[in-house]
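Structure file target_24.cif with mmCIF, N, CA and C atoms and all ligand atoms:
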```cif
data_my_file
#
loop_
_atom_site.label_atom_id
_atom_site.label_comp_id
_atom_site.auth_asym_id
_atom_site.auth_seq_id
_atom_site.Cartn_x
_atom_site.Cartn_y
_atom_site.Cartn_z
N MET Y 181 13.66 -12.10 18.11
CA MET Y 181 13.31 -10.71 17.80
C MET Y 181 13.62 -9.83 19.02
N GLY Y 182 14.41 -8.80 18.85
CA GLY Y 182 14.71 -7.88 19.94
C GLY Y 182 13.70 -6.74 19.95
N SER Y 183 13.75 -5.91 20.94
CA SER Y 183 12.91 -4.72 20.94
C SER Y 183 13.64 -3.57 21.60
N VAL Y 184 13.31 -2.36 21.18
CA VAL Y 184 13.94 -1.18 21.77
C VAL Y 184 13.01 -0.65 22.84
N ILE Y 185 13.57 -0.34 23.98
CA ILE Y 185 12.73 0.18 25.07
C ILE Y 185 12.48 1.66 24.79
N PRO Y 186 11.21 2.08 24.55
CA PRO Y 186 10.93 3.47 24.19
C PRO Y 186 11.53 4.49 25.15
N GLU Y 187 11.64 4.17 26.43
CA GLU Y 187 12.17 5.14 27.42
C GLU Y 187 13.58 5.60 27.08
N THR Y 188 14.30 4.80 26.29
CA THR Y 188 15.70 5.16 26.01
C THR Y 188 15.82 6.10 24.82
N LEU Y 189 14.71 6.38 24.13
CA LEU Y 189 14.79 7.25 22.95
C LEU Y 189 14.72 8.72 23.33
N PRO Y 190 15.56 9.54 22.68
CA PRO Y 190 15.51 10.97 22.97
C PRO Y 190 14.35 11.62 22.22
N THR Y 191 14.05 12.85 22.55
CA THR Y 191 13.08 13.60 21.76
C THR Y 191 13.85 14.55 20.86
N SER Y 192 13.29 14.91 19.71
CA SER Y 192 14.00 15.82 18.81
C SER Y 192 13.67 17.25 19.18
N SER Y 193 14.53 18.17 18.73
CA SER Y 193 14.31 19.58 19.07
C SER Y 193 13.37 20.23 18.05
N GLU Y 194 13.20 21.50 18.18
CA GLU Y 194 12.30 22.30 17.33
C GLU Y 194 12.54 22.05 15.83
N LYS Y 195 11.47 22.07 15.01
CA LYS Y 195 11.58 21.88 13.57
C LYS Y 195 12.24 23.12 12.94
N THR Y 196 13.36 22.91 12.24
CA THR Y 196 14.06 24.07 11.69
C THR Y 196 14.28 23.95 10.18
N PHE Y 197 13.53 23.06 9.53
CA PHE Y 197 13.78 22.86 8.11
C PHE Y 197 12.51 23.12 7.30
N ASP Y 198 12.72 23.35 6.00
CA ASP Y 198 11.62 23.63 5.09
C ASP Y 198 11.11 22.30 4.52
N THR Y 199 9.98 21.84 5.02
CA THR Y 199 9.44 20.54 4.64
C THR Y 199 9.19 20.43 3.14
N LYS Y 200 8.62 21.48 2.55
CA LYS Y 200 8.29 21.46 1.11
C LYS Y 200 9.56 21.29 0.27
N LYS Y 201 10.61 22.00 0.66
CA LYS Y 201 11.87 21.93 -0.08
C LYS Y 201 12.46 20.51 0.01
N ILE Y 202 12.42 19.95 1.19
CA ILE Y 202 12.95 18.60 1.40
C ILE Y 202 12.12 17.59 0.59
N GLU Y 203 10.79 17.74 0.62
CA GLU Y 203 9.92 16.83 -0.14
C GLU Y 203 10.27 16.88 -1.63
N ALA Y 204 10.52 18.08 -2.15
CA ALA Y 204 10.85 18.24 -3.57
C ALA Y 204 12.16 17.53 -3.90
N ILE Y 205 13.14 17.64 -3.00
CA ILE Y 205 14.44 16.98 -3.22
C ILE Y 205 14.24 15.45 -3.27
N TYR Y 206 13.47 14.95 -2.29
CA TYR Y 206 13.27 13.50 -2.25
C TYR Y 206 12.46 13.01 -3.44
N LYS Y 207 11.50 13.81 -3.90
CA LYS Y 207 10.68 13.42 -5.07
C LYS Y 207 11.59 13.29 -6.30
N LYS Y 208 12.47 14.28 -6.47
CA LYS Y 208 13.38 14.28 -7.61
C LYS Y 208 14.30 13.05 -7.56
N GLU Y 209 14.83 12.76 -6.38
CA GLU Y 209 15.73 11.62 -6.23
C GLU Y 209 14.97 10.31 -6.49
N ARG Y 210 13.71 10.25 -6.01
CA ARG Y 210 12.90 9.04 -6.21
C ARG Y 210 12.67 8.79 -7.69
N GLU Y 211 12.33 9.86 -8.40
CA GLU Y 211 12.05 9.72 -9.84
C GLU Y 211 13.26 9.18 -10.60
N LYS Y 212 14.46 9.55 -10.17
CA LYS Y 212 15.68 9.07 -10.83
C LYS Y 212 15.83 7.56 -10.67
N ARG Y 213 15.26 7.03 -9.57
CA ARG Y 213 15.51 5.62 -9.23
C ARG Y 213 14.38 4.66 -9.60
N ILE Y 214 13.24 5.19 -10.05
CA ILE Y 214 12.13 4.31 -10.41
C ILE Y 214 12.50 3.49 -11.65
N ARG Y 215 12.30 2.17 -11.56
CA ARG Y 215 12.63 1.30 -12.70
C ARG Y 215 11.41 0.48 -13.09
N GLU Y 216 11.33 0.18 -14.38
CA GLU Y 216 10.21 -0.61 -14.93
C GLU Y 216 10.08 -1.96 -14.22
N ASP Y 217 11.23 -2.58 -13.93
CA ASP Y 217 11.19 -3.93 -13.37
C ASP Y 217 10.85 -3.96 -11.87
N GLY Y 218 10.69 -2.81 -11.25
CA GLY Y 218 10.22 -2.74 -9.85
C GLY Y 218 10.98 -3.66 -8.92
N PRO Y 219 10.25 -4.32 -8.00
CA PRO Y 219 10.93 -5.16 -7.01
C PRO Y 219 11.64 -6.36 -7.62
N THR Y 220 11.29 -6.72 -8.86
CA THR Y 220 11.93 -7.91 -9.46
C THR Y 220 13.41 -7.66 -9.76
N GLN Y 221 13.83 -6.39 -9.67
CA GLN Y 221 15.26 -6.09 -9.88
C GLN Y 221 16.13 -6.65 -8.75
N PHE Y 222 15.50 -6.95 -7.60
CA PHE Y 222 16.28 -7.38 -6.43
C PHE Y 222 16.39 -8.90 -6.35
N LEU Y 223 17.57 -9.38 -5.95
CA LEU Y 223 17.76 -10.81 -5.71
C LEU Y 223 17.07 -11.19 -4.41
N GLN Y 224 16.50 -12.38 -4.36
CA GLN Y 224 15.87 -12.86 -3.13
C GLN Y 224 16.91 -13.60 -2.27
N ALA Y 225 16.72 -13.54 -0.95
CA ALA Y 225 17.65 -14.23 -0.04
C ALA Y 225 17.27 -15.70 0.04
N VAL Y 226 17.43 -16.39 -1.09
CA VAL Y 226 17.14 -17.83 -1.14
C VAL Y 226 18.35 -18.54 -1.76
N GLY Y 227 18.35 -19.87 -1.63
CA GLY Y 227 19.43 -20.67 -2.21
C GLY Y 227 20.78 -20.23 -1.69
N LYS Y 228 21.71 -19.93 -2.61
CA LYS Y 228 23.06 -19.59 -2.14
C LYS Y 228 23.13 -18.25 -1.39
N TYR Y 229 22.04 -17.49 -1.45
CA TYR Y 229 22.01 -16.20 -0.73
C TYR Y 229 21.23 -16.28 0.59
N SER Y 230 20.73 -17.48 0.91
CA SER Y 230 19.84 -17.59 2.08
C SER Y 230 20.53 -17.20 3.40
N HIS Y 231 21.87 -17.28 3.45
CA HIS Y 231 22.57 -16.92 4.70
C HIS Y 231 22.41 -15.42 5.02
N PHE Y 232 22.00 -14.62 4.03
CA PHE Y 232 21.81 -13.18 4.30
C PHE Y 232 20.62 -12.93 5.24
N LYS Y 233 19.78 -13.96 5.40
CA LYS Y 233 18.64 -13.80 6.32
C LYS Y 233 19.06 -14.03 7.77
N GLU Y 234 20.23 -14.66 7.96
CA GLU Y 234 20.69 -14.96 9.32
C GLU Y 234 21.38 -13.74 9.93
N ASP Y 235 21.25 -13.59 11.24
CA ASP Y 235 21.92 -12.49 11.94
C ASP Y 235 23.31 -12.96 12.38
N PRO Y 236 24.37 -12.45 11.75
CA PRO Y 236 25.72 -12.92 12.11
C PRO Y 236 26.23 -12.35 13.43
N TRP Y 237 25.50 -11.36 13.99
CA TRP Y 237 25.99 -10.65 15.18
C TRP Y 237 25.32 -11.12 16.47
N ALA Y 238 24.39 -12.05 16.35
CA ALA Y 238 23.67 -12.48 17.57
C ALA Y 238 23.69 -14.00 17.68
N VAL Y 239 23.75 -14.48 18.89
CA VAL Y 239 23.66 -15.91 19.15
C VAL Y 239 22.18 -16.28 19.04
N PRO Y 240 21.84 -17.22 18.15
CA PRO Y 240 20.42 -17.57 18.00
C PRO Y 240 19.82 -18.06 19.32
N PHE Y 241 18.58 -17.68 19.56
CA PHE Y 241 17.91 -18.15 20.77
C PHE Y 241 16.43 -18.33 20.47
N VAL Y 242 15.79 -19.11 21.29
CA VAL Y 242 14.34 -19.33 21.16
C VAL Y 242 13.72 -18.94 22.49
N ARG Y 243 12.63 -18.19 22.46
CA ARG Y 243 11.91 -17.87 23.69
C ARG Y 243 10.42 -17.94 23.43
N ASP Y 244 9.65 -17.96 24.49
CA ASP Y 244 8.20 -18.00 24.33
C ASP Y 244 7.73 -16.67 23.75
N PRO Y 245 6.63 -16.69 22.98
CA PRO Y 245 6.09 -15.43 22.46
C PRO Y 245 5.70 -14.49 23.60
N ILE Y 246 5.80 -13.18 23.35
CA ILE Y 246 5.40 -12.18 24.35
C ILE Y 246 4.07 -11.59 23.87
N GLU Y 247 3.09 -11.53 24.75
CA GLU Y 247 1.82 -10.89 24.39
C GLU Y 247 1.73 -9.55 25.09
N GLN Y 248 1.56 -8.50 24.31
CA GLN Y 248 1.50 -7.16 24.91
C GLN Y 248 0.64 -6.26 24.03
N GLU Y 249 -0.22 -5.48 24.66
CA GLU Y 249 -1.04 -4.53 23.90
C GLU Y 249 -0.29 -3.22 23.79
N THR Y 250 -0.39 -2.59 22.63
CA THR Y 250 0.27 -1.30 22.44
C THR Y 250 -0.54 -0.47 21.45
N LYS Y 251 -0.42 0.84 21.56
CA LYS Y 251 -1.15 1.71 20.62
C LYS Y 251 -0.52 1.64 19.24
N VAL Y 252 0.82 1.65 19.20
CA VAL Y 252 1.53 1.67 17.91
C VAL Y 252 2.61 0.59 17.91
N ALA Y 253 2.65 -0.19 16.83
CA ALA Y 253 3.73 -1.16 16.66
C ALA Y 253 4.55 -0.73 15.44
N ILE Y 254 5.81 -0.50 15.66
CA ILE Y 254 6.70 -0.11 14.56
C ILE Y 254 7.52 -1.34 14.20
N VAL Y 255 7.47 -1.73 12.94
CA VAL Y 255 8.23 -2.91 12.53
C VAL Y 255 9.57 -2.46 11.96
N GLY Y 256 10.64 -2.84 12.64
CA GLY Y 256 11.99 -2.50 12.20
C GLY Y 256 12.60 -1.39 13.04
N ALA Y 257 13.77 -1.67 13.61
CA ALA Y 257 14.47 -0.68 14.43
C ALA Y 257 15.64 -0.08 13.67
N GLY Y 258 15.40 0.18 12.38
CA GLY Y 258 16.39 0.92 11.60
C GLY Y 258 16.20 2.40 11.84
N PHE Y 259 16.86 3.20 11.04
CA PHE Y 259 16.77 4.64 11.22
C PHE Y 259 15.31 5.10 11.16
N GLY Y 260 14.56 4.55 10.18
CA GLY Y 260 13.16 4.93 10.02
C GLY Y 260 12.35 4.62 11.27
N GLY Y 261 12.53 3.42 11.82
CA GLY Y 261 11.78 3.02 13.00
C GLY Y 261 12.15 3.86 14.22
N LEU Y 262 13.46 4.13 14.37
CA LEU Y 262 13.90 4.93 15.52
C LEU Y 262 13.37 6.35 15.43
N VAL Y 263 13.42 6.92 14.22
CA VAL Y 263 12.91 8.29 14.05
C VAL Y 263 11.40 8.32 14.28
N ALA Y 264 10.70 7.27 13.82
CA ALA Y 264 9.25 7.20 14.07
C ALA Y 264 8.99 7.23 15.58
N GLY Y 265 9.83 6.51 16.34
CA GLY Y 265 9.70 6.50 17.80
C GLY Y 265 9.92 7.89 18.39
N VAL Y 266 10.93 8.58 17.89
CA VAL Y 266 11.21 9.94 18.38
C VAL Y 266 10.03 10.86 18.08
N LYS Y 267 9.50 10.74 16.86
CA LYS Y 267 8.37 11.61 16.46
C LYS Y 267 7.11 11.30 17.27
N LEU Y 268 6.89 10.03 17.56
CA LEU Y 268 5.73 9.67 18.40
C LEU Y 268 5.87 10.31 19.77
N ARG Y 269 7.07 10.19 20.33
CA ARG Y 269 7.33 10.81 21.64
C ARG Y 269 7.08 12.31 21.59
N ASP Y 270 7.53 12.95 20.50
CA ASP Y 270 7.32 14.40 20.34
C ASP Y 270 5.83 14.73 20.42
N GLN Y 271 5.00 13.81 19.90
CA GLN Y 271 3.55 14.03 19.89
C GLN Y 271 2.89 13.57 21.18
N GLY Y 272 3.70 13.14 22.12
CA GLY Y 272 3.15 12.70 23.41
C GLY Y 272 2.67 11.26 23.41
N VAL Y 273 3.00 10.52 22.37
CA VAL Y 273 2.60 9.10 22.32
C VAL Y 273 3.76 8.26 22.84
N ASN Y 274 3.59 7.69 24.01
CA ASN Y 274 4.66 6.90 24.61
C ASN Y 274 4.35 5.41 24.63
N ASP Y 275 3.11 5.07 24.25
CA ASP Y 275 2.71 3.67 24.25
C ASP Y 275 2.98 3.08 22.86
N PHE Y 276 4.23 2.72 22.62
CA PHE Y 276 4.56 2.08 21.34
C PHE Y 276 5.68 1.07 21.54
N LEU Y 277 5.77 0.13 20.60
CA LEU Y 277 6.83 -0.86 20.63
C LEU Y 277 7.54 -0.85 19.29
N ILE Y 278 8.83 -1.02 19.31
CA ILE Y 278 9.58 -1.18 18.07
C ILE Y 278 10.02 -2.64 18.01
N LEU Y 279 9.55 -3.33 16.98
CA LEU Y 279 9.84 -4.76 16.84
C LEU Y 279 10.95 -4.96 15.82
N GLU Y 280 11.96 -5.69 16.18
CA GLU Y 280 13.12 -5.85 15.31
C GLU Y 280 13.49 -7.32 15.22
N LYS Y 281 13.65 -7.81 14.01
CA LYS Y 281 14.00 -9.24 13.88
C LYS Y 281 15.48 -9.50 14.15
N GLY Y 282 16.30 -8.47 14.04
CA GLY Y 282 17.73 -8.63 14.34
C GLY Y 282 17.97 -8.59 15.84
N GLY Y 283 19.20 -8.86 16.24
CA GLY Y 283 19.54 -8.91 17.65
C GLY Y 283 19.75 -7.53 18.28
N GLY Y 284 19.71 -6.47 17.47
CA GLY Y 284 19.92 -5.13 18.01
C GLY Y 284 19.29 -4.09 17.10
N TYR Y 285 19.43 -2.83 17.46
CA TYR Y 285 18.83 -1.78 16.63
C TYR Y 285 19.88 -1.06 15.78
N GLY Y 286 19.41 -0.32 14.78
CA GLY Y 286 20.33 0.37 13.87
C GLY Y 286 20.07 0.00 12.41
N GLY Y 287 19.26 -1.05 12.18
CA GLY Y 287 18.89 -1.41 10.81
C GLY Y 287 20.11 -1.74 9.97
N THR Y 288 20.21 -1.10 8.82
CA THR Y 288 21.34 -1.32 7.90
C THR Y 288 22.67 -1.22 8.64
N TRP Y 289 22.73 -0.28 9.61
CA TRP Y 289 23.99 -0.06 10.32
C TRP Y 289 24.23 -1.09 11.39
N TYR Y 290 23.18 -1.84 11.74
CA TYR Y 290 23.37 -2.99 12.62
C TYR Y 290 23.89 -4.16 11.78
N TRP Y 291 23.25 -4.36 10.63
CA TRP Y 291 23.56 -5.54 9.81
C TRP Y 291 24.91 -5.42 9.10
N ASN Y 292 25.22 -4.22 8.59
CA ASN Y 292 26.46 -4.02 7.83
C ASN Y 292 27.49 -3.31 8.68
N ARG Y 293 28.62 -3.93 8.87
CA ARG Y 293 29.67 -3.34 9.72
C ARG Y 293 30.98 -3.32 8.96
N TYR Y 294 31.79 -2.38 9.28
CA TYR Y 294 33.08 -2.20 8.60
C TYR Y 294 34.19 -2.28 9.64
N PRO Y 295 34.73 -3.50 9.85
CA PRO Y 295 35.73 -3.68 10.91
C PRO Y 295 36.91 -2.72 10.75
N GLY Y 296 37.31 -2.10 11.84
CA GLY Y 296 38.48 -1.22 11.82
C GLY Y 296 38.14 0.23 11.58
N ILE Y 297 36.92 0.49 11.09
CA ILE Y 297 36.53 1.88 10.84
C ILE Y 297 35.78 2.39 12.06
N SER Y 298 36.13 3.60 12.51
CA SER Y 298 35.38 4.14 13.65
C SER Y 298 34.94 5.57 13.35
N LEU Y 299 33.88 5.95 13.99
CA LEU Y 299 33.30 7.29 13.82
C LEU Y 299 33.01 7.88 15.18
N PRO Y 300 32.98 9.20 15.29
CA PRO Y 300 32.56 9.76 16.57
C PRO Y 300 31.08 9.44 16.79
N ASP Y 301 30.70 9.33 18.04
CA ASP Y 301 29.30 9.07 18.37
C ASP Y 301 28.43 10.27 18.02
N ILE Y 302 27.43 10.07 17.18
CA ILE Y 302 26.50 11.16 16.88
C ILE Y 302 25.15 10.75 17.44
N THR Y 303 24.64 11.50 18.39
CA THR Y 303 23.36 11.13 18.99
C THR Y 303 22.22 11.57 18.06
N LEU Y 304 21.08 10.91 18.19
CA LEU Y 304 19.91 11.27 17.38
C LEU Y 304 19.53 12.72 17.62
N GLU Y 305 19.81 13.21 18.85
CA GLU Y 305 19.45 14.58 19.18
C GLU Y 305 20.22 15.59 18.33
N LYS Y 306 21.47 15.23 18.00
CA LYS Y 306 22.30 16.16 17.24
C LYS Y 306 21.92 16.17 15.76
N MET Y 307 21.23 15.15 15.30
CA MET Y 307 20.83 15.11 13.90
C MET Y 307 19.45 15.74 13.78
N ASN Y 308 19.21 16.48 12.72
CA ASN Y 308 17.85 16.99 12.56
C ASN Y 308 17.09 16.11 11.58
N PHE Y 309 17.66 14.96 11.23
CA PHE Y 309 17.04 13.93 10.40
C PHE Y 309 16.88 14.36 8.95
N MET Y 310 17.42 15.47 8.55
CA MET Y 310 17.23 15.92 7.18
C MET Y 310 18.55 16.32 6.55
N ASP Y 311 18.52 16.42 5.22
CA ASP Y 311 19.70 16.74 4.44
C ASP Y 311 20.01 18.23 4.51
N ASN Y 312 21.16 18.57 5.08
CA ASN Y 312 21.55 19.97 5.16
C ASN Y 312 22.59 20.35 4.12
N SER Y 313 22.98 19.36 3.29
CA SER Y 313 24.08 19.64 2.37
C SER Y 313 23.64 20.50 1.20
C1 LIG X 1 25.87 -0.58 2.57
C2 LIG X 1 25.01 0.65 2.79
C3 LIG X 1 25.61 1.89 2.99
C4 LIG X 1 24.82 3.05 3.19
N1 LIG X 1 25.44 4.24 3.39
C5 LIG X 1 24.72 5.34 3.72
C6 LIG X 1 25.37 6.57 4.07
O1 LIG X 1 26.60 6.68 4.06
N2 LIG X 1 24.59 7.64 4.39
C7 LIG X 1 23.23 7.55 4.41
O2 LIG X 1 22.56 8.54 4.73
N3 LIG X 1 22.62 6.40 4.08
C8 LIG X 1 23.32 5.29 3.75
N4 LIG X 1 22.68 4.13 3.43
C9 LIG X 1 21.23 4.12 3.42
C10 LIG X 1 20.66 4.05 4.84
O3 LIG X 1 21.37 3.07 5.57
C11 LIG X 1 19.21 3.68 4.70
O4 LIG X 1 18.56 4.71 3.98
C12 LIG X 1 18.55 3.56 6.07
O5 LIG X 1 19.22 2.57 6.81
C13 LIG X 1 17.09 3.19 5.87
O6 LIG X 1 16.52 3.08 7.15
P1 LIG X 1 15.24 2.19 7.37
O7 LIG X 1 14.91 2.29 8.82
O8 LIG X 1 14.20 2.55 6.39
O9 LIG X 1 15.64 0.72 6.97
P2 LIG X 1 16.79 -0.30 7.57
O10 LIG X 1 17.95 0.47 8.09
O11 LIG X 1 16.97 -1.27 6.50
O12 LIG X 1 16.03 -0.93 8.81
C14 LIG X 1 14.97 -1.83 8.66
C15 LIG X 1 14.98 -2.76 9.85
O13 LIG X 1 13.76 -3.49 9.84
C16 LIG X 1 14.02 -4.83 10.23
N5 LIG X 1 12.94 -5.63 9.70
C17 LIG X 1 12.62 -5.81 8.40
N6 LIG X 1 11.55 -6.62 8.31
C18 LIG X 1 11.20 -6.93 9.58
C19 LIG X 1 10.16 -7.73 10.13
N7 LIG X 1 9.28 -8.37 9.35
N8 LIG X 1 10.07 -7.85 11.47
C20 LIG X 1 10.96 -7.20 12.27
N9 LIG X 1 11.97 -6.43 11.82
C21 LIG X 1 12.08 -6.31 10.47
C22 LIG X 1 15.38 -5.13 9.63
O14 LIG X 1 16.03 -6.18 10.31
C23 LIG X 1 16.10 -3.78 9.82
O15 LIG X 1 16.82 -3.76 11.03
C24 LIG X 1 23.42 2.96 3.19
C25 LIG X 1 22.82 1.71 2.98
C26 LIG X 1 23.60 0.56 2.78
C27 LIG X 1 22.93 -0.78 2.55
#
```

Rendering of file as structure tokens:
Amino acid sequence: MGSVIPETLPTSSEKTFDTKKIEAIYKKEREKRIREDGPTQFLQAVGKYSHFKEDPWAVPFVRDPIEQETKVAIVGAGFGGLVAGVKLRDQGVNDFLILEKGGGYGGTWYWNRYPGISLPDITLEKMNFMDNS
């Protein structure tokens, strides 16, 4: 399990979006996707799919457990976890850890890669974390 060092996270700038409007958009999108079969619609990473649980980008290693006290533990260093870290920092909370089972951070974007495709670097600071389209 890797971890992101909170000191490396940027802080976000002033809030410039309409929260109510964004909430309404997300509610509408959520309603479109709700299904009767709930989580059972998803295949489990077992049997012939069990390799999806392995991290193909990291050399497996074993280390002793780390014991550390923290005010906030964020599970997962995907976009959600990283943004949670930024928001905590904005609130003056610096005592937190982001715990990640993969070998690096980025979540979906760590796990799924598209060889040969490149993008300009977009820092978290340049994103306002919301849909502007
Ligand atoms: C193929 C694909 C393409 C996409 N394309 C786009 C796009 O073009 N634009 C867009 O806006 N969105 C896109 N999305 C959606 C976007 O990637 C997700 O909305 C976003 O990644 C969700 O962020 P998250 O932090 O909630 O979850 P994730 O990114 O899934 O991160 C969760 C992290 O938590 C870790 N984790 C889970 N359980 C544990 C545990 N028990 N202990 C420790 N760590 C754990 C996982 O390893 C993972 O790294 C795409 C998604 C996929 C799958």

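Comparing the minimum interatomic distances between ligand LIG 1 (chain X) and each of Y:Phe241, Y:Tyr229, Y:Phe197, Y:Tyr285, counting only N, CA and C atoms and all ligand atoms, we find that Y:Tyr285 sits nearest.
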
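Among Y:Ala257, Y:Val263, Y:Leu277, Y:Ile297, the residue with the shortest atom-to-atom distance to ligand LIG 1 (chain X), counting all atoms listed in the file, is Y:Ala257.
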
Using only N, CA and C atoms and all ligand atoms, find each protein or nucleic acid residue lying at most 7 Å from ligand LIG 1 (chain X); present the set as a PyMOL selection string.
chain Y and resi 181+255-262+279-282+284-292

Those residues with N, CA and C atoms, as a PDB file, in the coordinates of the input please?
```pdb
ATOM      1  N   MET Y 181      13.660 -12.100  18.110  1.00  0.00           N
ATOM      2  CA  MET Y 181      13.310 -10.710  17.800  1.00  0.00           C
ATOM      3  C   MET Y 181      13.620  -9.830  19.020  1.00  0.00           C
ATOM      4  N   VAL Y 255       7.470  -1.730  12.940  1.00  0.00           N
ATOM      5  CA  VAL Y 255       8.230  -2.910  12.530  1.00  0.00           C
ATOM      6  C   VAL Y 255       9.570  -2.460  11.960  1.00  0.00           C
ATOM      7  N   GLY Y 256      10.640  -2.840  12.640  1.00  0.00           N
ATOM      8  CA  GLY Y 256      11.990  -2.500  12.200  1.00  0.00           C
ATOM      9  C   GLY Y 256      12.600  -1.390  13.040  1.00  0.00           C
ATOM     10  N   ALA Y 257      13.770  -1.670  13.610  1.00  0.00           N
ATOM     11  CA  ALA Y 257      14.470  -0.680  14.430  1.00  0.00           C
ATOM     12  C   ALA Y 257      15.640  -0.080  13.670  1.00  0.00           C
ATOM     13  N   GLY Y 258      15.400   0.180  12.380  1.00  0.00           N
ATOM     14  CA  GLY Y 258      16.390   0.920  11.600  1.00  0.00           C
ATOM     15  C   GLY Y 258      16.200   2.400  11.840  1.00  0.00           C
ATOM     16  N   PHE Y 259      16.860   3.200  11.040  1.00  0.00           N
ATOM     17  CA  PHE Y 259      16.770   4.640  11.220  1.00  0.00           C
ATOM     18  C   PHE Y 259      15.310   5.100  11.160  1.00  0.00           C
ATOM     19  N   GLY Y 260      14.560   4.550  10.180  1.00  0.00           N
ATOM     20  CA  GLY Y 260      13.160   4.930  10.020  1.00  0.00           C
ATOM     21  C   GLY Y 260      12.350   4.620  11.270  1.00  0.00           C
ATOM     22  N   GLY Y 261      12.530   3.420  11.820  1.00  0.00           N
ATOM     23  CA  GLY Y 261      11.780   3.020  13.000  1.00  0.00           C
ATOM     24  C   GLY Y 261      12.150   3.860  14.220  1.00  0.00           C
ATOM     25  N   LEU Y 262      13.460   4.130  14.370  1.00  0.00           N
ATOM     26  CA  LEU Y 262      13.900   4.930  15.520  1.00  0.00           C
ATOM     27  C   LEU Y 262      13.370   6.350  15.430  1.00  0.00           C
ATOM     28  N   LEU Y 279       9.550  -3.330  16.980  1.00  0.00           N
ATOM     29  CA  LEU Y 279       9.840  -4.760  16.840  1.00  0.00           C
ATOM     30  C   LEU Y 279      10.950  -4.960  15.820  1.00  0.00           C
ATOM     31  N   GLU Y 280      11.960  -5.690  16.180  1.00  0.00           N
ATOM     32  CA  GLU Y 280      13.120  -5.850  15.310  1.00  0.00           C
ATOM     33  C   GLU Y 280      13.490  -7.320  15.220  1.00  0.00           C
ATOM     34  N   LYS Y 281      13.650  -7.810  14.010  1.00  0.00           N
ATOM     35  CA  LYS Y 281      14.000  -9.240  13.880  1.00  0.00           C
ATOM     36  C   LYS Y 281      15.480  -9.500  14.150  1.00  0.00           C
ATOM     37  N   GLY Y 282      16.300  -8.470  14.040  1.00  0.00           N
ATOM     38  CA  GLY Y 282      17.730  -8.630  14.340  1.00  0.00           C
ATOM     39  C   GLY Y 282      17.970  -8.590  15.840  1.00  0.00           C
ATOM     40  N   GLY Y 284      19.710  -6.470  17.470  1.00  0.00           N
ATOM     41  CA  GLY Y 284      19.920  -5.130  18.010  1.00  0.00           C
ATOM     42  C   GLY Y 284      19.290  -4.090  17.100  1.00  0.00           C
ATOM     43  N   TYR Y 285      19.430  -2.830  17.460  1.00  0.00           N
ATOM     44  CA  TYR Y 285      18.830  -1.780  16.630  1.00  0.00           C
ATOM     45  C   TYR Y 285      19.880  -1.060  15.780  1.00  0.00           C
ATOM     46  N   GLY Y 286      19.410  -0.320  14.780  1.00  0.00           N
ATOM     47  CA  GLY Y 286      20.330   0.370  13.870  1.00  0.00           C
ATOM     48  C   GLY Y 286      20.070   0.000  12.410  1.00  0.00           C
ATOM     49  N   GLY Y 287      19.260  -1.050  12.180  1.00  0.00           N
ATOM     50  CA  GLY Y 287      18.890  -1.410  10.810  1.00  0.00           C
ATOM     51  C   GLY Y 287      20.110  -1.740   9.970  1.00  0.00           C
ATOM     52  N   THR Y 288      20.210  -1.100   8.820  1.00  0.00           N
ATOM     53  CA  THR Y 288      21.340  -1.320   7.900  1.00  0.00           C
ATOM     54  C   THR Y 288      22.670  -1.220   8.640  1.00  0.00           C
ATOM     55  N   TRP Y 289      22.730  -0.280   9.610  1.00  0.00           N
ATOM     56  CA  TRP Y 289      23.990  -0.060  10.320  1.00  0.00           C
ATOM     57  C   TRP Y 289      24.230  -1.090  11.390  1.00  0.00           C
ATOM     58  N   TYR Y 290      23.180  -1.840  11.740  1.00  0.00           N
ATOM     59  CA  TYR Y 290      23.370  -2.990  12.620  1.00  0.00           C
ATOM     60  C   TYR Y 290      23.890  -4.160  11.780  1.00  0.00           C
ATOM     61  N   TRP Y 291      23.250  -4.360  10.630  1.00  0.00           N
ATOM     62  CA  TRP Y 291      23.560  -5.540   9.810  1.00  0.00           C
ATOM     63  C   TRP Y 291      24.910  -5.420   9.100  1.00  0.00           C
ATOM     64  N   ASN Y 292      25.220  -4.220   8.590  1.00  0.00           N
ATOM     65  CA  ASN Y 292      26.460  -4.020   7.830  1.00  0.00           C
ATOM     66  C   ASN Y 292      27.490  -3.310   8.680  1.00  0.00           C
TER      67      ASN Y 292
END
```

Which residue out of Y:Asp270, Y:Glu234, Y:Asp275, Y:Asp198 has the minimum interatomic distance to Val252 of chain Y when all atoms listed in the file are used?
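So, comparing all the options, the nearest one is Y:Asp275.
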
Between atom CA of Gln248 of chain Y and atom CA of Arg269 of chain Y, what is the distance in Å, rounded to a tenth?
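Between atom CA of Gln248 of chain Y and atom CA of Arg269 of chain Y the gap works out to 19.2 Å.
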
Quick check, in Å to one decimal: how far apart do atom N of Glu203 of chain Y and atom CA of Ile254 of chain Y lie?
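Answer for the atom N of Glu203 of chain Y to atom CA of Ile254 of chain Y separation: 23.0 Å.
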
Kindly compute an axis-aligned box around the listed atoms of segment 208-226 of chain Y, allowing 6 Å on each side, and express its centre and edge lengths in Å to one decimal as lines of an AutoDock Vina configuration file.
```
center_x = 14.2
center_y = -2.1
center_z = -7.4
size_x = 20.3
size_y = 44.8
size_z = 27.0
```

Could you tell me how far atom CA of Lys267 of chain Y lies from atom N of Lys208 of chain Y, in Å and to one decimal?
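Distance between the two atoms: 23.4 Å.
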
Taking only segment 194-290 of chain Y into account, list the residues labelled alpha helix (DSSP H) by DSSP (computed from the backbone), as a PyMOL selection string.
chain Y and resi 199-213+259-270+288-290
